[in-house]
file input27.cif (mmCIF, C-alpha atoms and all ligand atoms)
data_entry
loop_
_atom_site.group_PDB
_atom_site.id
_atom_site.type_symbol
_atom_site.label_atom_id
_atom_site.label_comp_id
_atom_site.auth_asym_id
_atom_site.auth_seq_id
_atom_site.Cartn_x
_atom_site.Cartn_y
_atom_site.Cartn_z
ATOM 1 C CA MET E 4 0.000 0.000 0.000
ATOM 2 C CA ASN E 5 1.337 3.438 -0.813
ATOM 3 C CA ILE E 6 0.240 6.857 0.370
ATOM 4 C CA ASN E 7 -1.749 7.657 -2.798
ATOM 5 C CA LYS E 8 -3.801 4.474 -2.524
ATOM 6 C CA ILE E 9 -4.458 5.327 1.120
ATOM 7 C CA LYS E 10 -5.674 8.821 0.186
ATOM 8 C CA ASN E 11 -7.799 7.404 -2.652
ATOM 9 C CA SER E 12 -9.441 4.845 -0.388
ATOM 10 C CA LYS E 13 -12.009 7.430 0.772
ATOM 11 C CA ASN E 14 -15.499 6.326 -0.380
ATOM 12 C CA ASN E 15 -13.919 3.298 -2.132
ATOM 13 C CA PHE E 16 -12.860 0.821 0.538
ATOM 14 C CA LYS E 17 -12.360 0.747 4.304
ATOM 15 C CA LEU E 18 -8.826 1.037 5.613
ATOM 16 C CA ILE E 19 -7.663 -1.686 7.976
ATOM 17 C CA VAL E 20 -5.054 -0.546 10.477
ATOM 18 C CA ILE E 21 -3.567 -2.500 13.340
ATOM 19 C CA THR E 22 -0.784 -1.683 15.761
ATOM 20 C CA ALA E 23 2.365 -3.794 16.069
ATOM 21 C CA TYR E 24 5.500 -3.378 18.132
ATOM 22 C CA ASP E 25 7.705 -6.212 16.908
ATOM 23 C CA ALA E 26 8.739 -8.126 13.812
ATOM 24 C CA LEU E 27 6.898 -11.325 14.716
ATOM 25 C CA PHE E 28 3.426 -9.809 14.928
ATOM 26 C CA ALA E 29 4.084 -7.290 12.130
ATOM 27 C CA LYS E 30 4.723 -10.241 9.828
ATOM 28 C CA LEU E 31 1.428 -11.822 10.901
ATOM 29 C CA PHE E 32 -0.511 -8.570 10.262
ATOM 30 C CA GLU E 33 1.168 -7.498 7.008
ATOM 31 C CA LYS E 34 -1.163 -9.285 4.568
ATOM 32 C CA GLU E 35 -4.546 -8.266 5.979
ATOM 33 C CA SER E 36 -3.809 -4.654 6.908
ATOM 34 C CA HIS E 37 -3.324 -1.513 4.817
ATOM 35 C CA MET E 38 -1.194 0.182 7.458
ATOM 36 C CA ILE E 39 0.669 -0.902 10.589
ATOM 37 C CA LEU E 40 0.890 1.652 13.366
ATOM 38 C CA VAL E 41 3.749 1.485 15.838
ATOM 39 C CA GLY E 42 1.635 3.179 18.485
ATOM 40 C CA ASP E 43 3.022 4.713 21.654
ATOM 41 C CA SER E 44 0.418 2.448 23.283
ATOM 42 C CA LEU E 45 3.422 0.105 23.383
ATOM 43 C CA ASN E 46 4.448 1.978 26.519
ATOM 44 C CA MET E 47 1.372 0.489 28.213
ATOM 45 C CA SER E 48 0.875 -2.896 26.641
ATOM 46 C CA PHE E 49 4.533 -3.744 25.929
ATOM 47 C CA ALA E 50 6.376 -1.837 28.679
ATOM 48 C CA GLY E 51 3.617 -2.115 31.316
ATOM 49 C CA LYS E 52 3.474 1.622 32.115
ATOM 50 C CA PRO E 53 0.210 3.286 33.264
ATOM 51 C CA ASP E 54 0.001 5.649 30.264
ATOM 52 C CA THR E 55 1.798 6.514 27.023
ATOM 53 C CA LEU E 56 3.571 9.628 28.259
ATOM 54 C CA SER E 57 6.937 8.155 29.160
ATOM 55 C CA ALA E 58 7.551 6.540 25.770
ATOM 56 C CA THR E 59 10.786 7.889 24.279
ATOM 57 C CA LEU E 60 11.883 8.598 20.723
ATOM 58 C CA ASP E 61 14.595 5.924 21.001
ATOM 59 C CA GLN E 62 11.966 3.391 22.075
ATOM 60 C CA MET E 63 9.695 4.315 19.144
ATOM 61 C CA ILE E 64 12.608 4.060 16.705
ATOM 62 C CA TYR E 65 13.632 0.671 18.102
ATOM 63 C CA HIS E 66 10.128 -0.779 17.744
ATOM 64 C CA THR E 67 9.526 0.865 14.349
ATOM 65 C CA ASN E 68 12.702 -0.778 13.084
ATOM 66 C CA ALA E 69 11.533 -4.167 14.309
ATOM 67 C CA VAL E 70 8.127 -3.723 12.630
ATOM 68 C CA CYS E 71 9.660 -2.549 9.333
ATOM 69 C CA THR E 72 11.996 -5.526 9.350
ATOM 70 C CA GLY E 73 9.185 -8.017 10.015
ATOM 71 C CA ALA E 74 6.805 -6.464 7.469
ATOM 72 C CA PRO E 75 9.024 -4.961 4.753
ATOM 73 C CA SER E 76 6.159 -4.250 2.339
ATOM 74 C CA ALA E 77 3.833 -2.686 4.933
ATOM 75 C CA PHE E 78 3.013 1.020 5.196
ATOM 76 C CA VAL E 79 4.415 1.571 8.684
ATOM 77 C CA ILE E 80 3.597 4.631 10.781
ATOM 78 C CA CYS E 81 5.719 5.683 13.745
ATOM 79 C CA ASP E 82 3.786 7.383 16.546
ATOM 80 C CA MET E 83 5.721 10.440 17.704
ATOM 81 C CA PRO E 84 6.009 10.233 21.502
ATOM 82 C CA PHE E 85 4.904 12.879 23.991
ATOM 83 C CA GLY E 86 7.281 15.850 24.036
ATOM 84 C CA SER E 87 8.909 15.045 20.699
ATOM 85 C CA TYR E 88 6.953 17.689 18.722
ATOM 86 C CA ILE E 89 6.588 20.601 21.130
ATOM 87 C CA ASN E 90 7.579 23.103 18.438
ATOM 88 C CA LYS E 91 8.192 23.112 14.684
ATOM 89 C CA ASP E 92 11.976 22.716 14.796
ATOM 90 C CA GLU E 93 11.979 20.010 17.436
ATOM 91 C CA ALA E 94 9.243 18.149 15.545
ATOM 92 C CA LEU E 95 11.090 18.289 12.237
ATOM 93 C CA ARG E 96 14.398 17.233 13.804
ATOM 94 C CA ASN E 97 12.779 14.247 15.527
ATOM 95 C CA CYS E 98 10.770 13.194 12.463
ATOM 96 C CA ILE E 99 13.928 13.341 10.336
ATOM 97 C CA GLU E 100 15.598 11.107 12.924
ATOM 98 C CA VAL E 101 12.722 8.617 12.549
ATOM 99 C CA TYR E 102 13.000 8.721 8.746
ATOM 100 C CA SER E 103 16.769 8.364 8.768
ATOM 101 C CA LYS E 104 16.915 5.529 11.301
ATOM 102 C CA THR E 105 13.865 3.492 10.143
ATOM 103 C CA GLN E 106 11.913 2.674 7.012
ATOM 104 C CA ALA E 107 8.720 4.250 8.429
ATOM 105 C CA ALA E 108 6.472 5.627 5.687
ATOM 106 C CA ALA E 109 4.856 8.226 7.952
ATOM 107 C CA VAL E 110 4.577 9.603 11.478
ATOM 108 C CA LYS E 111 1.539 10.237 13.674
ATOM 109 C CA ILE E 112 1.006 13.383 15.757
ATOM 110 C CA GLU E 113 -1.721 14.022 18.337
ATOM 111 C CA GLY E 114 -3.511 17.384 18.285
ATOM 112 C CA GLY E 115 -5.910 19.446 16.179
ATOM 113 C CA GLU E 116 -5.944 23.154 15.340
ATOM 114 C CA ASP E 117 -3.331 23.704 18.085
ATOM 115 C CA ARG E 118 -0.796 21.558 16.216
ATOM 116 C CA ALA E 119 -1.711 22.505 12.616
ATOM 117 C CA ASP E 120 1.321 24.791 12.202
ATOM 118 C CA ILE E 121 3.643 21.983 13.298
ATOM 119 C CA ILE E 122 1.990 19.519 10.891
ATOM 120 C CA LYS E 123 2.276 22.087 8.078
ATOM 121 C CA HIS E 124 5.996 22.504 8.807
ATOM 122 C CA LEU E 125 6.493 18.736 8.656
ATOM 123 C CA THR E 126 4.493 18.144 5.471
ATOM 124 C CA SER E 127 6.253 21.084 3.747
ATOM 125 C CA ASN E 128 9.483 19.273 4.519
ATOM 126 C CA SER E 129 8.354 15.991 2.955
ATOM 127 C CA ILE E 130 7.277 14.192 6.125
ATOM 128 C CA ALA E 131 4.024 12.234 5.686
ATOM 129 C CA VAL E 132 1.806 12.960 8.682
ATOM 130 C CA MET E 133 -1.215 11.152 10.091
ATOM 131 C CA GLY E 134 -3.176 13.344 12.530
ATOM 132 C CA HIS E 135 -4.881 12.125 15.707
ATOM 133 C CA ILE E 136 -7.841 13.940 17.251
ATOM 134 C CA GLY E 137 -10.744 13.219 19.601
ATOM 135 C CA LEU E 138 -9.612 11.386 22.701
ATOM 136 C CA MET E 139 -5.858 11.892 22.672
ATOM 137 C CA PRO E 140 -4.015 9.627 25.115
ATOM 138 C CA GLN E 141 -1.046 12.024 25.356
ATOM 139 C CA TYR E 142 -3.411 14.611 26.916
ATOM 140 C CA VAL E 143 -4.551 12.216 29.684
ATOM 141 C CA ARG E 144 -2.814 14.019 32.545
ATOM 142 C CA SER E 145 -3.753 17.536 31.442
ATOM 143 C CA GLU E 146 -7.383 16.553 30.841
ATOM 144 C CA GLY E 147 -7.717 14.384 33.956
ATOM 145 C CA GLY E 148 -8.611 11.135 32.212
ATOM 146 C CA TYR E 149 -9.605 9.466 28.965
ATOM 147 C CA LEU E 150 -12.688 11.484 28.102
ATOM 148 C CA VAL E 151 -15.060 10.573 25.285
ATOM 149 C CA ARG E 152 -15.446 13.539 22.916
ATOM 150 C CA GLY E 153 -18.207 14.897 20.702
ATOM 151 C CA LYS E 154 -20.988 14.910 23.261
ATOM 152 C CA THR E 155 -22.105 18.493 22.569
ATOM 153 C CA ALA E 156 -22.694 20.531 19.416
ATOM 154 C CA GLU E 157 -19.793 22.825 20.419
ATOM 155 C CA ASP E 158 -17.405 19.931 20.805
ATOM 156 C CA ILE E 159 -18.466 18.414 17.475
ATOM 157 C CA GLU E 160 -17.834 21.798 15.888
ATOM 158 C CA GLN E 161 -14.344 21.882 17.444
ATOM 159 C CA LEU E 162 -13.565 18.359 16.191
ATOM 160 C CA VAL E 163 -14.618 19.344 12.670
ATOM 161 C CA LYS E 164 -12.388 22.438 12.900
ATOM 162 C CA ASP E 165 -9.500 20.248 14.105
ATOM 163 C CA ALA E 166 -9.947 17.789 11.238
ATOM 164 C CA LYS E 167 -10.135 20.569 8.636
ATOM 165 C CA ALA E 168 -7.038 22.280 10.060
ATOM 166 C CA ILE E 169 -5.084 19.028 9.912
ATOM 167 C CA GLU E 170 -6.231 18.372 6.355
ATOM 168 C CA ALA E 171 -5.273 21.927 5.320
ATOM 169 C CA ALA E 172 -1.852 21.386 6.925
ATOM 170 C CA GLY E 173 -1.254 18.503 4.520
ATOM 171 C CA ALA E 174 -1.864 15.387 6.627
ATOM 172 C CA PHE E 175 -2.768 12.307 4.567
ATOM 173 C CA SER E 176 -5.178 10.790 7.105
ATOM 174 C CA ILE E 177 -6.563 11.256 10.598
ATOM 175 C CA VAL E 178 -7.077 8.901 13.525
ATOM 176 C CA LEU E 179 -10.297 9.788 15.322
ATOM 177 C CA GLU E 180 -10.421 8.219 18.767
ATOM 178 C CA GLY E 181 -13.123 7.910 21.422
ATOM 179 C CA VAL E 182 -15.929 10.053 20.015
ATOM 180 C CA LYS E 183 -19.716 9.737 19.789
ATOM 181 C CA THR E 184 -20.837 8.285 16.476
ATOM 182 C CA GLN E 185 -22.595 11.475 15.332
ATOM 183 C CA ALA E 186 -19.375 13.406 15.847
ATOM 184 C CA ALA E 187 -17.449 10.774 13.879
ATOM 185 C CA ARG E 188 -19.966 11.023 11.038
ATOM 186 C CA GLU E 189 -19.627 14.814 10.849
ATOM 187 C CA VAL E 190 -15.834 14.769 11.019
ATOM 188 C CA THR E 191 -15.590 12.024 8.369
ATOM 189 C CA GLN E 192 -17.879 13.944 6.014
ATOM 190 C CA ALA E 193 -16.077 17.245 6.609
ATOM 191 C CA VAL E 194 -12.723 16.214 5.118
ATOM 192 C CA ASN E 195 -11.477 14.580 1.930
ATOM 193 C CA ILE E 196 -8.711 12.569 3.603
ATOM 194 C CA PRO E 197 -9.505 9.192 5.202
ATOM 195 C CA VAL E 198 -10.593 9.239 8.835
ATOM 196 C CA ILE E 199 -9.646 6.108 10.732
ATOM 197 C CA GLY E 200 -11.757 5.430 13.765
ATOM 198 C CA ILE E 201 -11.071 3.778 17.085
ATOM 199 C CA GLY E 202 -14.042 3.925 19.415
ATOM 200 C CA ALA E 203 -15.764 6.129 16.835
ATOM 201 C CA GLY E 204 -18.491 3.795 15.553
ATOM 202 C CA ASN E 205 -18.978 2.381 12.090
ATOM 203 C CA VAL E 206 -19.116 5.638 10.119
ATOM 204 C CA THR E 207 -15.425 6.355 9.513
ATOM 205 C CA ASP E 208 -13.285 5.475 6.479
ATOM 206 C CA GLY E 209 -11.432 2.726 8.317
ATOM 207 C CA GLN E 210 -10.692 1.227 11.704
ATOM 208 C CA VAL E 211 -7.624 0.841 13.880
ATOM 209 C CA LEU E 212 -7.249 -1.436 16.886
ATOM 210 C CA VAL E 213 -4.389 -2.083 19.274
ATOM 211 C CA TRP E 214 -3.216 -5.634 18.578
ATOM 212 C CA SER E 215 -3.051 -6.743 22.209
ATOM 213 C CA ASP E 216 -6.645 -5.556 22.771
ATOM 214 C CA MET E 217 -8.142 -7.220 19.694
ATOM 215 C CA LEU E 218 -6.269 -10.485 20.285
ATOM 216 C CA GLY E 219 -7.138 -10.634 23.979
ATOM 217 C CA PHE E 220 -3.610 -10.411 25.375
ATOM 218 C CA PHE E 221 -4.298 -7.202 27.320
ATOM 219 C CA GLU E 222 -6.705 -8.371 30.009
ATOM 220 C CA ASP E 223 -6.556 -5.658 32.701
ATOM 221 C CA PHE E 224 -9.707 -4.053 31.295
ATOM 222 C CA LYS E 225 -11.657 -4.059 28.029
ATOM 223 C CA PRO E 226 -12.689 -0.672 26.675
ATOM 224 C CA LYS E 227 -16.263 -0.681 25.286
ATOM 225 C CA PHE E 228 -15.048 -0.204 21.706
ATOM 226 C CA VAL E 229 -12.756 -3.243 21.708
ATOM 227 C CA LYS E 230 -13.822 -6.535 20.181
ATOM 228 C CA ARG E 231 -11.649 -9.494 21.107
ATOM 229 C CA TYR E 232 -11.115 -11.687 18.051
ATOM 230 C CA LEU E 233 -9.002 -14.136 20.052
ATOM 231 C CA MET E 234 -8.668 -14.958 23.738
ATOM 232 C CA GLY E 235 -4.884 -14.708 23.498
ATOM 233 C CA GLY E 236 -4.202 -14.548 27.241
ATOM 234 C CA GLU E 237 -6.264 -17.684 27.880
ATOM 235 C CA ALA E 238 -4.658 -19.552 24.986
ATOM 236 C CA VAL E 239 -1.143 -18.700 26.205
ATOM 237 C CA ARG E 240 -1.868 -19.674 29.830
ATOM 238 C CA LYS E 241 -3.320 -23.006 28.681
ATOM 239 C CA ALA E 242 -0.304 -23.742 26.457
ATOM 240 C CA VAL E 243 2.226 -22.795 29.160
ATOM 241 C CA LYS E 244 0.372 -24.932 31.720
ATOM 242 C CA GLN E 245 0.478 -27.910 29.366
ATOM 243 C CA TYR E 246 4.222 -27.351 28.760
ATOM 244 C CA ALA E 247 4.891 -27.206 32.517
ATOM 245 C CA GLN E 248 2.856 -30.373 33.143
ATOM 246 C CA GLU E 249 4.552 -32.258 30.303
ATOM 247 C CA VAL E 250 8.013 -31.331 31.615
ATOM 248 C CA GLN E 251 7.022 -32.410 35.157
ATOM 249 C CA ASN E 252 5.568 -35.679 33.868
ATOM 250 C CA GLY E 253 8.480 -36.465 31.540
ATOM 251 C CA ILE E 254 6.295 -36.230 28.412
ATOM 252 C CA PHE E 255 8.300 -33.370 26.892
ATOM 253 C CA PRO E 256 10.766 -33.668 25.249
ATOM 254 C CA SER E 257 9.711 -36.931 23.586
ATOM 255 C CA LYS E 258 11.700 -39.009 21.049
ATOM 256 C CA GLU E 259 10.373 -36.676 18.335
ATOM 257 C CA GLU E 260 12.129 -33.648 19.870
ATOM 258 C CA GLU E 261 15.431 -35.503 20.421
ATOM 259 C CA TYR E 262 18.591 -35.194 18.289
HETATM 260 O O1 LIG B 301 -0.774 4.433 20.322
HETATM 261 C C1 LIG B 301 -1.643 3.852 19.679
HETATM 262 O O2 LIG B 301 -1.689 2.614 19.578
HETATM 263 C C2 LIG B 301 -2.641 4.688 19.011
HETATM 264 C C3 LIG B 301 -3.889 4.021 18.557
HETATM 265 C C4 LIG B 301 -4.796 3.863 19.722
HETATM 266 C C5 LIG B 301 -4.531 4.752 17.438
HETATM 267 O O3 LIG B 301 -2.466 5.864 18.899
#
call {"tool": "encode", "arguments": {"input": "input27.cif", "output": "structure tokens", "more": "lines below"}}
Ligand code: KIV
result
Amino acid sequence: MNINKIKNSKNNFKLIVITAYDALFAKLFEKESHMILVGDSLNMSFAGKPDTLSATLDQMIYHTNAVCTGAPSAFVICDMPFGSYINKDEALRNCIEVYSKTQAAAVKIEGGEDRADIIKHLTSNSIAVMGHIGLMPQYVRSEGGYLVRGKTAEDIEQLVKDAKAIEAAGAFSIVLEGVKTQAAREVTQAVNIPVIGIGAGNVTDGQVLVWSDMLGFFEDFKPKFVKRYLMGGEAVRKAVKQYAQEVQNGIFPSKEEEY
């Protein structure tokens, strides 16, 4: 998938996006997805931290490299971590570092109208940018929680303004997270670039899910918008239990596993 096909997907086909943090899973997701996002959600589900805010640029580059290696033909997006795009110059320097140290096709930046000038600076310097508006996990501490957006006419209006500002700044797509379905509908219709929803109902131009949520490996809690397509945690526990029992009982290794 290349960036032009992604842009042209609007009103033609739904974009399938999934996160990955390593080569093994990236390889498994490559065929069925149009884009693989190396989300800073890795700080929670991979590194076990309470939020995404302590993810570092080095961490994102390390995981983006692993994903690009595992899925060499995928359109891979590197999520820019908190604090790495506080102004235009810092943002450009850090995005260039991502481009020079990985094969990422694009970067993702959280923020709407407030970040449009930064996005414009990046896109004018040949960085492909995916926006991210609605519920923005990097704002969790300043907003006092993960708050669903688009509940009032004013907030829907703001989300539409954010999406239009990001589009005008040259972003090729937008992630829209944690919003009421009516808000998602209005935002999706307001712009000509694809809007990829997560917790935004079935009215966007595509969907993104965090791999460990959709495969049931993250079990601490299940957000309402997540569908588990596999009970990964259960399957792993069962397999590990069987391995432990077989070692205890002398069943593994058998003649078949011997040299
Ligand atoms: O970090 C992440 O995985 C994300 C998705 C939730 C879109 O930003």
call {"tool": "closest_residue", "arguments": {"input": "input27.cif", "among": "E:Lys13, E:Lys91, E:Lys241, E:Lys52", "to": "Thr126 of chain E", "atoms": "all atoms listed in the file"}}
result
E:Lys91
call {"tool": "closest_atom_pairs", "arguments": {"input": "input27.cif", "of": "chain E", "to": "ligand LIG 301 (chain B)", "cutoff": "10 Å", "atoms": "all atoms listed in the file", "output": "Markdown table"}}
result
| residue | atom | partner | partner_atom | distance |
| --- | --- | --- | --- | --- |
| E:Val20 | CA | B:LIG301 | C5 | 8.8 |
| E:Ile21 | CA | B:LIG301 | O2 | 8.3 |
| E:Thr22 | CA | B:LIG301 | O2 | 5.8 |
| E:Ala23 | CA | B:LIG301 | O2 | 8.4 |
| E:Tyr24 | CA | B:LIG301 | O2 | 9.5 |
| E:Ile39 | CA | B:LIG301 | O2 | 9.9 |
| E:Leu40 | CA | B:LIG301 | O2 | 6.8 |
| E:Val41 | CA | B:LIG301 | O2 | 6.7 |
| E:Gly42 | CA | B:LIG301 | O1 | 3.3 |
| E:Asp43 | CA | B:LIG301 | O1 | 4.0 |
| E:Ser44 | CA | B:LIG301 | O1 | 3.8 |
| E:Leu45 | CA | B:LIG301 | O1 | 6.8 |
| E:Asn46 | CA | B:LIG301 | O1 | 8.5 |
| E:Met47 | CA | B:LIG301 | O1 | 9.1 |
| E:Ser48 | CA | B:LIG301 | O2 | 9.3 |
| E:Thr55 | CA | B:LIG301 | O1 | 7.5 |
| E:Cys81 | CA | B:LIG301 | O1 | 9.3 |
| E:Asp82 | CA | B:LIG301 | O1 | 6.6 |
| E:Met83 | CA | B:LIG301 | O1 | 9.2 |
| E:Pro84 | CA | B:LIG301 | O1 | 9.0 |
| E:Lys111 | CA | B:LIG301 | O3 | 7.9 |
| E:Ile112 | CA | B:LIG301 | O3 | 8.9 |
| E:Glu113 | CA | B:LIG301 | O3 | 8.2 |
| E:Gly134 | CA | B:LIG301 | O3 | 9.8 |
| E:His135 | CA | B:LIG301 | O3 | 7.4 |
| E:Ile136 | CA | B:LIG301 | C5 | 9.8 |
| E:Leu138 | CA | B:LIG301 | C4 | 9.4 |
| E:Met139 | CA | B:LIG301 | O3 | 7.9 |
| E:Pro140 | CA | B:LIG301 | O3 | 7.4 |
| E:Gln141 | CA | B:LIG301 | O3 | 9.0 |
| E:Ile177 | CA | B:LIG301 | C5 | 9.7 |
| E:Val178 | CA | B:LIG301 | C5 | 6.2 |
| E:Leu179 | CA | B:LIG301 | C5 | 7.9 |
| E:Glu180 | CA | B:LIG301 | C5 | 7.0 |
| E:Gly181 | CA | B:LIG301 | C4 | 9.4 |
| E:Ile199 | CA | B:LIG301 | C5 | 8.5 |
| E:Gly200 | CA | B:LIG301 | C5 | 8.1 |
| E:Ile201 | CA | B:LIG301 | C5 | 6.6 |
| E:Gly202 | CA | B:LIG301 | C4 | 9.3 |
| E:Gln210 | CA | B:LIG301 | C5 | 9.1 |
| E:Val211 | CA | B:LIG301 | C5 | 6.1 |
| E:Leu212 | CA | B:LIG301 | C4 | 6.5 |
| E:Val213 | CA | B:LIG301 | O2 | 5.4 |
| E:Trp214 | CA | B:LIG301 | O2 | 8.4 |
| E:Ser215 | CA | B:LIG301 | O2 | 9.8 |
call {"tool": "closest_residue", "arguments": {"input": "input27.cif", "among": "E:Met63, E:Leu150, E:Ala238, E:Ile9", "to": "Phe49 of chain E", "atoms": "all atoms listed in the file"}}
result
E:Met63
call {"tool": "closest_residue", "arguments": {"input": "input27.cif", "among": "E:Ala74, E:Leu125, E:Val206, E:Leu56", "to": "Tyr142 of chain E", "atoms": "all atoms listed in the file"}}
result
E:Leu56
call {"tool": "residues_around", "arguments": {"input": "input27.cif", "residues": "Met38 of chain E", "least_positions_apart": "3", "cutoff": "8 Å", "atoms": "only C-alpha atoms", "output": "ChimeraX atom specification"}}
result
/E:4,18-21,77-80
call {"tool": "atom_distance", "arguments": {"input": "input27.cif", "atom1": "atom CA of Gly148 of chain E", "atom2": "atom CA of Lys164 of chain E"}}
result
22.7 Å
call {"tool": "resolve_selection", "arguments": {"input": "input27.cif", "expression": "the PyMOL selection byres (((chain E and resi 219) around 10) and not hetatm)", "output": "PDB file with C-alpha atoms, in the coordinates of the input"}}
result
ATOM      1  CA  TRP E 214      -3.216  -5.634  18.578  1.00  0.00           C
ATOM      2  CA  SER E 215      -3.051  -6.743  22.209  1.00  0.00           C
ATOM      3  CA  ASP E 216      -6.645  -5.556  22.771  1.00  0.00           C
ATOM      4  CA  MET E 217      -8.142  -7.220  19.694  1.00  0.00           C
ATOM      5  CA  LEU E 218      -6.269 -10.485  20.285  1.00  0.00           C
ATOM      6  CA  PHE E 220      -3.610 -10.411  25.375  1.00  0.00           C
ATOM      7  CA  PHE E 221      -4.298  -7.202  27.320  1.00  0.00           C
ATOM      8  CA  GLU E 222      -6.705  -8.371  30.009  1.00  0.00           C
ATOM      9  CA  LYS E 225     -11.657  -4.059  28.029  1.00  0.00           C
ATOM     10  CA  VAL E 229     -12.756  -3.243  21.708  1.00  0.00           C
ATOM     11  CA  LYS E 230     -13.822  -6.535  20.181  1.00  0.00           C
ATOM     12  CA  ARG E 231     -11.649  -9.494  21.107  1.00  0.00           C
ATOM     13  CA  TYR E 232     -11.115 -11.687  18.051  1.00  0.00           C
ATOM     14  CA  LEU E 233      -9.002 -14.136  20.052  1.00  0.00           C
ATOM     15  CA  MET E 234      -8.668 -14.958  23.738  1.00  0.00           C
ATOM     16  CA  GLY E 235      -4.884 -14.708  23.498  1.00  0.00           C
ATOM     17  CA  GLY E 236      -4.202 -14.548  27.241  1.00  0.00           C
ATOM     18  CA  GLU E 237      -6.264 -17.684  27.880  1.00  0.00           C
ATOM     19  CA  ALA E 238      -4.658 -19.552  24.986  1.00  0.00           C
TER      20      ALA E 238
END
call {"tool": "resolve_selection", "arguments": {"input": "input27.cif", "expression": "the PyMOL selection byres (((chain E and resi 12) around 12) and not hetatm)", "output": "list in words"}}
result
Met4, Asn5, Ile6, Asn7, Lys8, Ile9, Lys10, Asn11, Lys13, Asn14, Asn15, Phe16, Lys17, Leu18, Ile19, His37, Phe175, Ser176, Asn195, Ile196, Pro197, Val198, Ile199, Thr207, Asp208 and Gly209 of chain E
call {"tool": "residues_around", "arguments": {"input": "input27.cif", "residues": "segment 184-190 of chain E", "least_positions_apart": "3", "cutoff": "6 Å", "atoms": "all atoms listed in the file", "output": "list in words"}}
result
Gly153, Ile159, Val163, Ala193, Ala203, Gly204 and Val206 of chain E
call {"tool": "atom_distance", "arguments": {"input": "input27.cif", "atom1": "atom CA of Thr59 of chain E", "atom2": "atom CA of Gln106 of chain E"}}
result
18.1 Å
call {"tool": "atom_distance", "arguments": {"input": "input27.cif", "atom1": "atom CA of Asp25 of chain E", "atom2": "atom CA of Thr67 of chain E"}}
result
7.7 Å
call {"tool": "residues_near_point", "arguments": {"input": "input27.cif", "point": "(-2.4, 21.8, 3.6)", "cutoff": "9 Å", "atoms": "only C-alpha atoms", "output": "ChimeraX atom specification"}}
result
/E:122-123,126-127,168-174
call {"tool": "decode", "arguments": {"input": "input27.cif", "residues": "segment 146-156 of chain E", "atoms": "N, CA, C and O atoms", "output": "PDB file, in the first residue's frame"}}
result
ATOM      1  N   GLU E 146      -5.912  16.530  30.898  1.00  0.00           N
ATOM      2  CA  GLU E 146      -7.383  16.553  30.841  1.00  0.00           C
ATOM      3  C   GLU E 146      -8.027  15.769  31.980  1.00  0.00           C
ATOM      4  O   GLU E 146      -9.255  15.724  32.083  1.00  0.00           O
ATOM      5  N   GLY E 147      -7.204  15.104  32.787  1.00  0.00           N
ATOM      6  CA  GLY E 147      -7.717  14.384  33.956  1.00  0.00           C
ATOM      7  C   GLY E 147      -8.418  13.084  33.620  1.00  0.00           C
ATOM      8  O   GLY E 147      -9.312  12.650  34.354  1.00  0.00           O
ATOM      9  N   GLY E 148      -8.038  12.450  32.527  1.00  0.00           N
ATOM     10  CA  GLY E 148      -8.611  11.135  32.212  1.00  0.00           C
ATOM     11  C   GLY E 148      -8.809  10.951  30.723  1.00  0.00           C
ATOM     12  O   GLY E 148      -8.491  11.845  29.926  1.00  0.00           O
ATOM     13  N   TYR E 149      -9.318   9.772  30.369  1.00  0.00           N
ATOM     14  CA  TYR E 149      -9.605   9.466  28.965  1.00  0.00           C
ATOM     15  C   TYR E 149     -11.067   9.793  28.712  1.00  0.00           C
ATOM     16  O   TYR E 149     -11.957   9.003  29.031  1.00  0.00           O
ATOM     17  N   LEU E 150     -11.316  10.999  28.202  1.00  0.00           N
ATOM     18  CA  LEU E 150     -12.688  11.484  28.102  1.00  0.00           C
ATOM     19  C   LEU E 150     -13.231  11.353  26.683  1.00  0.00           C
ATOM     20  O   LEU E 150     -12.603  11.815  25.726  1.00  0.00           O
ATOM     21  N   VAL E 151     -14.404  10.712  26.589  1.00  0.00           N
ATOM     22  CA  VAL E 151     -15.060  10.573  25.285  1.00  0.00           C
ATOM     23  C   VAL E 151     -15.455  11.958  24.786  1.00  0.00           C
ATOM     24  O   VAL E 151     -15.966  12.792  25.545  1.00  0.00           O
ATOM     25  N   ARG E 152     -15.211  12.215  23.507  1.00  0.00           N
ATOM     26  CA  ARG E 152     -15.446  13.539  22.916  1.00  0.00           C
ATOM     27  C   ARG E 152     -16.685  13.537  22.011  1.00  0.00           C
ATOM     28  O   ARG E 152     -17.214  12.503  21.657  1.00  0.00           O
ATOM     29  N   GLY E 153     -17.107  14.743  21.656  1.00  0.00           N
ATOM     30  CA  GLY E 153     -18.207  14.897  20.702  1.00  0.00           C
ATOM     31  C   GLY E 153     -19.582  14.734  21.304  1.00  0.00           C
ATOM     32  O   GLY E 153     -20.521  14.327  20.629  1.00  0.00           O
ATOM     33  N   LYS E 154     -19.689  15.077  22.595  1.00  0.00           N
ATOM     34  CA  LYS E 154     -20.988  14.910  23.261  1.00  0.00           C
ATOM     35  C   LYS E 154     -21.885  16.135  23.095  1.00  0.00           C
ATOM     36  O   LYS E 154     -23.071  16.067  23.350  1.00  0.00           O
ATOM     37  N   THR E 155     -21.301  17.278  22.731  1.00  0.00           N
ATOM     38  CA  THR E 155     -22.105  18.493  22.569  1.00  0.00           C
ATOM     39  C   THR E 155     -21.875  19.063  21.169  1.00  0.00           C
ATOM     40  O   THR E 155     -20.858  18.756  20.517  1.00  0.00           O
ATOM     41  N   ALA E 156     -22.802  19.908  20.745  1.00  0.00           N
ATOM     42  CA  ALA E 156     -22.694  20.531  19.416  1.00  0.00           C
ATOM     43  C   ALA E 156     -21.393  21.338  19.317  1.00  0.00           C
ATOM     44  O   ALA E 156     -20.718  21.327  18.282  1.00  0.00           O
TER      45      ALA E 156
END
